[in-house]
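Asks: Provided herewith is a single structure, encoded as structure tokens, for subsequent inquiry.
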Amino acid sequence: MVPRRHNSAELRMANDTAAIEVENLVRRFGDVEALSHVSVTIRPGEFFSLLGPSGCGKTTLLRIIGGLDIPDEGVIRIGGVDASEIPAHKRPVNTVFQSYALFPHLTVYDNIAFGLRMKKVSKPDIADRVKKVMDLVEIAVLASRKPSQLSGGQKQRVALARAIVNEPQVLLLDEPLGALDLKLRKQLQVELLNLQRRLGITFIYVTHDQEEALVMSDRIAVMCTGKIEQMGESESLYERPRTRYVSQFLGSCNLIDATVKRRGQNDAVVDSPVGELHVDFGKQPTETSKRDKFTLAIRPEKVTLTPPTEAQGENRIKVRVEQLIYVGSETHYILRAGPQTLSAEAMNVKVGSQGFDIGQEAVACLPAGGLLVLDD
Amino acid sequence: MPKNSKDEVKFGESLTMRKQLVRSALTSGPGIGWVMVFLLLPLIFILVLSFMTRGEYGGQELPLTGENYKRFLGFGFFGFDMLYPQIIVRSLLLGAGTTLLCMVAGTPLAFFIGAMPQRYRNMALTLVLIPFWTNLLIRTYAWEILFAPESWLTRVFALLGFVPLGQPLYPSAFAIYVGMVCDYLPFLVLPLYASVEKIDWSIAEAAMDLGADGRRVFWHAVLPQVVPGLVAGIIFVLIPATGQFVIPDLLGGAKTVMLGNAIQQQFLQSRDWPFGSAITVFGMGAVMLGLWIYARIAGEKGGDIL
């Protein structure tokens with residue numbers, strides 16, 4: 001059972017001091033700015049994800065927080081305390097590495113106990129804490145094995161146990177599930193989430209898998225070439241992307257160029273390659289919506305298809321089904337409306353045939369509230 | 001594939017047992033033959049020889065005996081004789097001392113090369129190897145020249161008070177060890193470097209992340225990863241250094257008898273080939289013991305270093 005997300009009110013009330021605060025962070029490698037004036041505040045007890053493709057800077061940011069890399073400019077605070085001068089081995093954070101980085105010459109037990117031994121914790125205390133953590137991630141039977149004798153999933157759990165046994169303030173996870181097969185990944189996603197809820201530790205999770213981020217996170221920061229493009233709770237990020245990049249990275253989006261014809265209080269009628277559309281700006285129109293031209297985005301699952309006979313109502317466009325992709329529980333349609341291509345997704349709710357074939361004419365409905373104005 | 005006696009080749013050939021044997025004989029045969037004739041047979045010869053008795057004028061006679069081994073281990077004609085056991089210990093000490101010094105000098109060197117940018121590494125390794133291009137005797141004579149009383153090095157040492165002015169720096173233990181280390185250093189550095197090159201630095205980062213400072217990161221995360229290369233290097237130095245007698249002779253004044261000297265003596269001056277063979281077999285036994293130990297310590301991981 002997947003625990004529900006923390007809502008922002010809960011997190012804000014839990015603790016006033018931010019778990020991690022990063023201000024104006026810059027990191028250059030030669031001429032390239034891997035991180036370009038990045039600022040973010042992560043709240044205690046939060047499951048925070050850094051999402052983006054390879055090279056966007058998410059791992060660099062994680063490493064800087066962990067102390068494994070030093071920024072060229074900017075400040076980093078851990079629990080309110082300036083950590084810029086504190087070396088990695090003294091920071092109250094621990095990392096779960098993408099390649100696990102288990103000590104190959106030590107047993108599972110010794111791997112997990114390593115951090116405690118560095119802190120000179122007493123032997124009985126070590127035994128007690130290691131045992132508890134091994135039970136928590138269900139690897140107690142593996143205690144005397146060496147890493148070379150473990151499977152990928154098992155190594156993952158050992159890496160996790162090795163980090164959390166030290167009771168860090170913040171746990172940093174660098175694409176920990178990347179090397180695992182799909183089923184195992186999904187299983188571990190839920191387990192990690194449950195673990196985070198149980199322990200209450202702040203998790204900072206780096207991933208390029210948007211589905212993973214959506215499932216697990218309280219908040220996500222979508223990154224692109226060294227900057228945070230958009231940050232927010234999963235739902236608001238998905239339902240209200242502000243840029244083309246975010247709209248295409250989290251799921252996919254139809255993009256339609258629009259020119260304003262008539263403007264209302266909180267809505268407008270626009271001209272577009274698919275015809276006239278009515279756009280509802282919601283409760284608050286953005287800066288971009290005040291312009292004369294902008295790009296509209298609408299999620300494919302919001303586009304509904306009906307037979308041509310039901311062509312009444314606003315924002316209904318005549319389309320032809322160009323392609324049909326059967327994905328099991330859903331059918332994805334590629335539609336053509338004049339010069340514009342649209343994609344629509346529908347759940348296969350009907351028993352038997354789902355209704356539309358390639359080459360068929362249909363009517364697509366683009367609900368006014370689903371048409372989002374992008375900032376770029 | 002149909003076994004076509006007409007040998008119509010389509011995609012590959014049919015391989016019969018006979019063809020396979022012929023091919024193996026032609027490709028491996030010369031190599032095996034060489035090893036047999038020039039290595040295995042002489043070794044067996046020496047082994048048999050070691051159990052024979054010395055003839056009156058230097059040949060070997062039949063009564064097979066274990067006398068040679070007993071004598072080597074100290075139980076000689078006149079009671080317990082420390083002579084040969086001393087030789088063994090002396091040689092082992094030289095070998096061990098050389099190994100230790102090579103480790104002290106070679107480990108930082110291997111890591112230093114490992115820290116170099118890729119394009120300079122090959123050059124550095126070549127520099128380490130260059131001594132091999134020169135004959136051992138010539139290199140050792142060069143040290144003699146450098147250690148002579150008039151050389152600049154000796155004068156600096158004299159100024160610093162290590163030797164009285166006008167006296168050479170050899171023959172001495174110092175000179176012997178300098179010569180030995182310079183000769184055997186590459187044997188340690190190269191296999192060690194092979195391990196250093198393969199170090200997984202993310203493990204060092206993990207150790208840092210878990211609270212280990214610089215020194216402890218090295219001890220717990222880096223050093224364990226180079227153990228196979230280190231052990232290989234140690235074996236590659238210890239075993240030849242134990243048998244080395246030319247350098248101690250040239251730089252040490254040839255006054256002490258090492259294992260190598262003893263073997264040389266028995267075969268040349270004393271013409272006691274059986275006894276010389278016994279010493280040789282003993283030396284080889286020590287090498288095999290060392291290799292066996294290496295195989296146990298380094299296990300499968302170390303296998304690729306050799």
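Residue names in the structure tokens use chain letters A, B, ... in the order shown, residue numbers from 1 in each chain, and ligand numbers from 1 in the order shown.
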Within 6 Å of chain A, which residues belong to chain B? Use only C-alpha atoms and report them as a PyMOL selection string.
Replies: chain B and resi 202-203+208-212
Asks: Near segment 268-281 of chain B, within 8 Å and counting only C-alpha atoms, which residues show up once chain neighbours fewer than 6 positions away are dropped, as JSON, numbers by chain?
Replies: {"B": [46, 47, 49, 50, 51, 52, 53, 54, 58, 59, 60, 68, 69, 72, 259, 262]}
Asks: Take atom CA of Pro63 of chain B and atom CA of Pro85 of chain B and report the distance between them in Å, one decimal.
Replies: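 Rounded to one decimal, the two atoms are 25.0 Å apart.
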Asks: Atom CA of Ser28 of chain B to atom CA of Glu13 of chain B: how many Å, to one decimal?
Replies: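 Interatomic distance here is 20.7 Å.
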Asks: Once DSSP has gone over the backbone, tell me which residues of segment 121-235 of chain B are in alpha helix (DSSP H), as a ChimeraX atom specification.
Replies: /B:121-129,136-146,152-159,173-197,201-209,214-217,223-235
Asks: Excluding segment 72-82 of chain A and its own-chain neighbours fewer than 4 positions away, which residues fall within 9 Å of it when counting only C-alpha atoms? Please give them as a ChimeraX atom specification.
Replies: /A:17-28,37-39,44,64-65,86,91-93,169-170
Asks: Report as number ranges by chain all protein, DNA and RNA residues lying within 9 Å of segment 98-114 of chain B, evaluated on only C-alpha atoms, omitting residues in the same chain fewer than 3 positions from it.
Replies: B: 93-95, 117-118, 120-121, 124-125, 177-178, 180-182, 184-190, 192-194, 196-197, 230, 233-235, 237-238, 241-242
Asks: For atom CA of Ser217 of chain A and atom CA of Ser49 of chain A, determine how far apart the two atoms are, in Å to one decimal place.
Replies: 6.0 Å
Asks: Do you know which residues are at most 6 Å from Asp280 of chain A counting only C-alpha atoms, after dropping those on the same chain fewer than 6 positions away, and could you put them as a PDB file with C-alpha atoms, in the first residue's frame?
Replies:
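Output (selection_25.pdb):
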ATOM      1  CA  ASP A 267     -10.410  33.544 -20.493  1.00  0.00           C
ATOM      2  CA  ALA A 368     -11.076  24.866 -22.153  1.00  0.00           C
ATOM      3  CA  GLY A 369      -9.696  24.250 -18.661  1.00  0.00           C
TER       4      GLY A 369
END
Asks: Please provide as a list in words all residues within 12 Å of Leu73 of chain B, with the sequence filter that same-chain residues fewer than 6 positions apart are discarded (counting only C-alpha atoms).
Replies: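 Here the answer would be Gly66, Glu67, Gly79, Phe80, Asp81, Met82, Leu83, Tyr84, Pro85, Gln86, Ile87, Ile88, Val89, Phe275, Ala278, Ile279 and Phe282 of chain B.
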Asks: Can you work out which one of A:Asn254, A:Gln312, A:Gln189, A:Ser54 has the shortest atom-to-atom distance to Gly153 of chain A, counting only C-alpha atoms?
Replies: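 Ranked by minimum distance to Gly153 of chain A, first place goes to A:Gln189.
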Asks: List the neighbours of Gly179 of chain B out to 10 Å using only C-alpha atoms; skip same-chain residues closer than 5 positions along the sequence, and give me the result as a list in words.
Replies: Thr98, Leu136, Arg139, Thr140, Tyr141, Ala142, Trp143, Glu144, Ala173, Phe174, Tyr184, Ile247, Pro248, Leu250 and Leu251 of chain B
Asks: Take the residues from that selection and write them out as a PDB file, in the first residue's frame, keeping N, CA and C atoms.
Replies:
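Final output, saved to result28.pdb:
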ATOM      1  N   THR B  98      65.021  -6.135   0.870  1.00  0.00           N
ATOM      2  CA  THR B  98      64.805  -5.495  -0.431  1.00  0.00           C
ATOM      3  C   THR B  98      63.325  -5.302  -0.686  1.00  0.00           C
ATOM      4  N   LEU B 136      72.413  -5.724 -16.175  1.00  0.00           N
ATOM      5  CA  LEU B 136      72.491  -5.616 -14.723  1.00  0.00           C
ATOM      6  C   LEU B 136      73.905  -5.292 -14.258  1.00  0.00           C
ATOM      7  N   ARG B 139      74.781  -1.680 -14.888  1.00  0.00           N
ATOM      8  CA  ARG B 139      74.107  -0.804 -13.933  1.00  0.00           C
ATOM      9  C   ARG B 139      74.816  -0.854 -12.574  1.00  0.00           C
ATOM     10  N   THR B 140      75.186  -2.064 -12.162  1.00  0.00           N
ATOM     11  CA  THR B 140      75.820  -2.209 -10.846  1.00  0.00           C
ATOM     12  C   THR B 140      77.193  -1.564 -10.836  1.00  0.00           C
ATOM     13  N   TYR B 141      77.934  -1.714 -11.937  1.00  0.00           N
ATOM     14  CA  TYR B 141      79.228  -1.017 -12.026  1.00  0.00           C
ATOM     15  C   TYR B 141      79.032   0.485 -11.930  1.00  0.00           C
ATOM     16  N   ALA B 142      77.923   0.958 -12.524  1.00  0.00           N
ATOM     17  CA  ALA B 142      77.659   2.394 -12.468  1.00  0.00           C
ATOM     18  C   ALA B 142      77.516   2.852 -11.024  1.00  0.00           C
ATOM     19  N   TRP B 143      76.878   2.010 -10.210  1.00  0.00           N
ATOM     20  CA  TRP B 143      76.763   2.359  -8.791  1.00  0.00           C
ATOM     21  C   TRP B 143      78.135   2.387  -8.138  1.00  0.00           C
ATOM     22  N   GLU B 144      79.004   1.460  -8.556  1.00  0.00           N
ATOM     23  CA  GLU B 144      80.351   1.462  -7.988  1.00  0.00           C
ATOM     24  C   GLU B 144      81.043   2.791  -8.258  1.00  0.00           C
ATOM     25  N   ALA B 173      76.463  -2.390   3.432  1.00  0.00           N
ATOM     26  CA  ALA B 173      75.063  -2.825   3.344  1.00  0.00           C
ATOM     27  C   ALA B 173      74.240  -1.780   2.622  1.00  0.00           C
ATOM     28  N   PHE B 174      74.532  -0.516   2.885  1.00  0.00           N
ATOM     29  CA  PHE B 174      73.832   0.580   2.221  1.00  0.00           C
ATOM     30  C   PHE B 174      73.927   0.436   0.709  1.00  0.00           C
ATOM     31  N   TYR B 184      65.170  -4.048  -8.435  1.00  0.00           N
ATOM     32  CA  TYR B 184      63.896  -4.769  -8.278  1.00  0.00           C
ATOM     33  C   TYR B 184      62.671  -3.876  -8.181  1.00  0.00           C
ATOM     34  N   ILE B 247      74.718  -8.708  -7.134  1.00  0.00           N
ATOM     35  CA  ILE B 247      74.751  -7.350  -6.575  1.00  0.00           C
ATOM     36  C   ILE B 247      75.433  -7.334  -5.205  1.00  0.00           C
ATOM     37  N   PRO B 248      75.081  -8.284  -4.314  1.00  0.00           N
ATOM     38  CA  PRO B 248      75.794  -8.287  -3.031  1.00  0.00           C
ATOM     39  C   PRO B 248      77.300  -8.481  -3.229  1.00  0.00           C
ATOM     40  N   LEU B 250      79.210  -7.538  -5.877  1.00  0.00           N
ATOM     41  CA  LEU B 250      79.856  -6.345  -6.436  1.00  0.00           C
ATOM     42  C   LEU B 250      79.830  -5.169  -5.462  1.00  0.00           C
ATOM     43  N   LEU B 251      78.700  -4.976  -4.809  1.00  0.00           N
ATOM     44  CA  LEU B 251      78.578  -3.802  -3.948  1.00  0.00           C
ATOM     45  C   LEU B 251      78.837  -4.118  -2.476  1.00  0.00           C
TER      46      LEU B 251
END
Asks: Write down as a ChimeraX atom specification the residues belonging to segment 1-156 of chain B that are assigned strand (DSSP E or B) by DSSP computed on the backbone.
Replies: /B:10,12,53-54,60-61,75-76,79-80
Asks: Between A:His6, A:Asp181, A:Lys132, A:Ile228, single out the one closest to Leu61 of chain A, counting only C-alpha atoms.
Replies: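 Nearest candidate to Leu61 of chain A out of A:His6, A:Asp181, A:Lys132, A:Ile228: A:Ile228.
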